[in-house]
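See structure below.
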Amino acid sequence: MEISSRNVVEGPSRAPHRAMYKAMGLNDTDLAKPFIGVSHTGNEATPCNIHLGRLSLHAKAGVQEAGGTPREFSTIAVSDGIAMGHEGMKSSLVSREIIADSIELMVRAHQYDGLVGIAGCDKSLPGSMMAMARLNVPSVFVYGGTIMPGIYEGKQVTVQDVYEAVGSYEAGQLTLEALKNLENVACPNAGSCGGMYTANTMASISEAIGLALPGSASPPAEDPRREKFVHDSGRAVMNLLKIGIRPKDILTFEAFENAITVANAIGGSTNAVLHLLAISKEIGVNLTLEDFERIRRRTPHIADMRPGGYYVMLDLDKIGGIPLVMKSLQKKNLLNENQVTVTGRNVRQNLDEIKLTFTDDQKVLKPIERPIHDVGTLTILRGSLAPDGAVVKVAGMHTTEFVGRAKAFDREEDAFEAISKREIIENDVVIIRYEGPKGGPGMREMLGVTAALVGQKLGEKVALVTDGRFSGATRGLMIGHVSPEAAVGGNIAMVKNGDEIRINIEKNSIDMIVSEEELSRRRKEWKPRKPNYERGALAKFASLVSSASEGAITKPKW
């Protein structure tokens, strides 16, 4: 096995380096062992991550027991829930790149031999996995765990309910006292938002793609099993180092197919499309939007999960978690079973070891022979409004065809103000543009906007189309990731109020009904806008970022 850390600590010339380590309490025995980075995104910005520093201690113990020397370090994480609905959300997607960059730099600088990555809030999961792909050192990802649902008036609630309640309050359908009471109970403890939103979707994907231990995605943050999974991940990375398995061996095209399959089966977040494209670019796998649509059409939707369904991650955990989902998919030969995983075994061997059976006394997971939908939920649309693609999640959605008139806004705040003033009515198509990867920059999520529409009972009576993104908690006819984006002259920039917009989910189409002559005239009149930021991290991101259709990754301009 290759031990890069020897470059740092062996030989007389490395005496200063060893002295630095000894200042931190290590001895010669510790220095003779492989060095394993234990990264986490723990902070006090969000309940998703507040406990991760504590969890990292269990990963370090696992590494030590298996004969390694762990080196803990942390990186940033933005709270999507707290950044939502204002200027702060522009920093969210940017943080994914900074997380990946910072983990990469720490491992490269100190020549760590392996990596355990612990993450909680939305962007910290793909950011950690992107770093693993770049570094290609033996790596295990482990999720910080889901939050427990709150209980309000005898029903399970999540932060999604609070966002939608704001819309109900503004529509006069809910009192301020009721809103406050819901706010007080919706998020009871540590952990990531409880439905099949982005964090839980990406945690599920980490299992499906083979970077995380089987069964590790679903136990809650404060469940004792979470500590055991983190501990076992520390042991697992040492085994990968011993047998020579690296992310390049795990993150194959077939592994990405498994991830897309599971994401569709569970009704996962649209952000999964963006993040899987980004991870694939880091490892050198040629994944495209066409692959997402191909796999969606063969994959049944079987998990009745929020926001499109009824249940939360805790409910899925109680019946067996992602392994039970994968066993169900296995019955229909929908998984690539020979793909190696962080256990050192392949998908089939992992599933054979897990003694779970499907039972009819639960309602979370439908029999694969009688799914919720015959096809998956992450639908790719194309057309004159989105020539390079757009994404919509159809879980829980009943509208498959929509024709309406555009009401265009150049920033999220303006759209939210119009919604709050009840200026959006049935059959409107709300266009929010210049919020893409480059234009925002940062491709803001718009849960405040979408939840307000749902709260006003307009979730499927209007459509919302944006070059920005949506939270995993979004539901309704909400279409995001429109590419090319407005900032680079995409057709979404050419939409005018009153234009007819036609959306057909079954035909995968989204079109603006404007003649080519008129569109050509508008293009000639269009001028690029001045960047919203001219210095700092957001300006750097805007100058380097690719299209959402490529994962919105930052690419050097040589």
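Just remember, in the structure tokens the first chain shown is A, the second B, etc., residues are 1-based per chain, and ligands are 1-based in the order shown.
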
If you count only C-alpha atoms, which residues fall within 6 Å of region 163-177 of chain A, apart from same-chain ones fewer than 3 positions away, as a list in words?
-> Gln160, Lys180, Ala451, Ala452, Gly455 and Gln456 of chain A

Take the residues just selected and output them with all heavy atoms as a PDB file, in the first residue's frame.
ATOM      1  N   GLN A 160     -39.897  22.336   6.419  1.00  0.00           N
ATOM      2  CA  GLN A 160     -40.734  22.577   5.235  1.00  0.00           C
ATOM      3  C   GLN A 160     -42.089  23.131   5.645  1.00  0.00           C
ATOM      4  O   GLN A 160     -42.610  24.067   5.024  1.00  0.00           O
ATOM      5  CB  GLN A 160     -40.919  21.274   4.452  1.00  0.00           C
ATOM      6  CG  GLN A 160     -41.949  21.365   3.331  1.00  0.00           C
ATOM      7  CD  GLN A 160     -42.406  19.997   2.846  1.00  0.00           C
ATOM      8  OE1 GLN A 160     -41.796  18.979   3.141  1.00  0.00           O
ATOM      9  NE2 GLN A 160     -43.488  19.967   2.092  1.00  0.00           N
ATOM     10  N   LYS A 180     -46.017  30.819  15.271  1.00  0.00           N
ATOM     11  CA  LYS A 180     -45.010  30.766  16.339  1.00  0.00           C
ATOM     12  C   LYS A 180     -44.983  29.403  17.004  1.00  0.00           C
ATOM     13  O   LYS A 180     -43.906  28.840  17.287  1.00  0.00           O
ATOM     14  CB  LYS A 180     -45.304  31.855  17.368  1.00  0.00           C
ATOM     15  CG  LYS A 180     -44.275  31.975  18.483  1.00  0.00           C
ATOM     16  CD  LYS A 180     -42.980  32.567  17.966  1.00  0.00           C
ATOM     17  CE  LYS A 180     -42.013  32.857  19.090  1.00  0.00           C
ATOM     18  NZ  LYS A 180     -40.735  33.420  18.606  1.00  0.00           N
ATOM     19  N   ALA A 451     -42.456  27.887  -1.229  1.00  0.00           N
ATOM     20  CA  ALA A 451     -43.313  27.575  -0.081  1.00  0.00           C
ATOM     21  C   ALA A 451     -44.436  28.590   0.045  1.00  0.00           C
ATOM     22  O   ALA A 451     -45.563  28.246   0.432  1.00  0.00           O
ATOM     23  CB  ALA A 451     -42.478  27.533   1.201  1.00  0.00           C
ATOM     24  N   ALA A 452     -44.152  29.854  -0.287  1.00  0.00           N
ATOM     25  CA  ALA A 452     -45.202  30.879  -0.235  1.00  0.00           C
ATOM     26  C   ALA A 452     -46.303  30.564  -1.239  1.00  0.00           C
ATOM     27  O   ALA A 452     -47.500  30.720  -0.950  1.00  0.00           O
ATOM     28  CB  ALA A 452     -44.603  32.251  -0.509  1.00  0.00           C
ATOM     29  N   GLY A 455     -48.199  27.678   0.155  1.00  0.00           N
ATOM     30  CA  GLY A 455     -49.010  28.157   1.276  1.00  0.00           C
ATOM     31  C   GLY A 455     -50.243  28.912   0.834  1.00  0.00           C
ATOM     32  O   GLY A 455     -51.254  28.932   1.537  1.00  0.00           O
ATOM     33  N   GLN A 456     -50.181  29.537  -0.354  1.00  0.00           N
ATOM     34  CA  GLN A 456     -51.341  30.231  -0.912  1.00  0.00           C
ATOM     35  C   GLN A 456     -52.199  29.314  -1.790  1.00  0.00           C
ATOM     36  O   GLN A 456     -53.071  29.787  -2.511  1.00  0.00           O
ATOM     37  CB  GLN A 456     -50.869  31.448  -1.728  1.00  0.00           C
ATOM     38  CG  GLN A 456     -50.247  32.551  -0.881  1.00  0.00           C
ATOM     39  CD  GLN A 456     -49.792  33.732  -1.715  1.00  0.00           C
ATOM     40  OE1 GLN A 456     -50.164  33.884  -2.884  1.00  0.00           O
ATOM     41  NE2 GLN A 456     -48.983  34.600  -1.131  1.00  0.00           N
TER      42      GLN A 456
END

Could you write out, as JSON, numbers by chain, all the residues of region 157-406 of chain A that DSSP marks as strand (DSSP E)?
-> {"A": [157, 378, 379, 380, 381, 382, 383, 386, 387, 388, 389, 390, 391, 392, 393, 401, 402, 403, 404, 405, 406]}

Would you kindly return, as a PyMOL selection string, each protein, DNA or RNA residue with an atom no farther than 7 Å from any atom of Tyr143 (chain A), considering only C-alpha atoms and excluding same-chain residues fewer than 4 positions away?
-> chain A and resi 118-120+203+217

For the selection just defined, write its residues with N, CA, C and O atoms to a file, as an mmCIF file, in the first residue's frame.
data_model
loop_
_atom_site.group_PDB
_atom_site.id
_atom_site.type_symbol
_atom_site.label_atom_id
_atom_site.label_comp_id
_atom_site.auth_asym_id
_atom_site.auth_seq_id
_atom_site.Cartn_x
_atom_site.Cartn_y
_atom_site.Cartn_z
ATOM 1 N N ILE A 118 -16.919 13.605 7.214
ATOM 2 C CA ILE A 118 -18.195 13.655 7.940
ATOM 3 C C ILE A 118 -18.882 14.969 7.587
ATOM 4 O O ILE A 118 -18.280 16.040 7.705
ATOM 5 N N ALA A 119 -20.140 14.887 7.157
ATOM 6 C CA ALA A 119 -20.833 16.096 6.710
ATOM 7 C C ALA A 119 -22.303 16.041 7.089
ATOM 8 O O ALA A 119 -22.873 14.968 7.274
ATOM 9 N N GLY A 120 -22.925 17.229 7.175
ATOM 10 C CA GLY A 120 -24.317 17.301 7.592
ATOM 11 C C GLY A 120 -25.197 18.104 6.661
ATOM 12 O O GLY A 120 -26.059 17.569 5.996
ATOM 13 N N ALA A 203 -27.158 11.812 1.276
ATOM 14 C CA ALA A 203 -26.735 10.727 2.170
ATOM 15 C C ALA A 203 -27.138 9.380 1.580
ATOM 16 O O ALA A 203 -26.355 8.417 1.583
ATOM 17 N N ALA A 217 -26.952 5.864 6.029
ATOM 18 C CA ALA A 217 -27.619 7.110 5.646
ATOM 19 C C ALA A 217 -28.779 7.481 6.559
ATOM 20 O O ALA A 217 -29.018 8.668 6.796
#

May I have all residues of region 149-321 of chain A that DSSP, computed from the backbone, assigns to helix (DSSP H, G or I), given as a PyMOL selection string?
-> chain A and resi 159-170+176-185+198-208+224-243+247-250+253-265+271-283+289-298+313-319+321

Out of A:Ser509, A:Gln330, A:Thr466, A:Thr474, which residue has the shortest atom-to-atom distance to Arg382 (chain A) when counting only C-alpha atoms?
-> A:Ser509

Which is closer to Glu183 (chain A) than all the others in A:Gly145, A:Gly150, A:Gly68, A:Gly215, using only C-alpha atoms?
->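 Using only C-alpha atoms, Glu183 (chain A) sits closest to A:Gly150.
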
What's the 7 Å shell around region 522-538 of chain A, counting only C-alpha atoms, without same-chain residues fewer than 2 positions away, as a list in words?
-> Val94, Pro441, Ala487, Met494, Glu518, Leu519, Ser520, Lys540, Phe541 and Ala542 of chain A

Distance CA of Ala45 (chain A)-CA of Met478 (chain A), one decimal place?
->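 Computed distance, CA of Ala45 (chain A) to CA of Met478 (chain A), equals 27.9 Å.
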
Residue nearest Val482 (chain A) - candidates A:Asp361, A:Glu550, A:Glu353, A:Glu254, atoms counted: only C-alpha atoms |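 Using only C-alpha atoms, Val482 (chain A) sits closest to A:Glu550.
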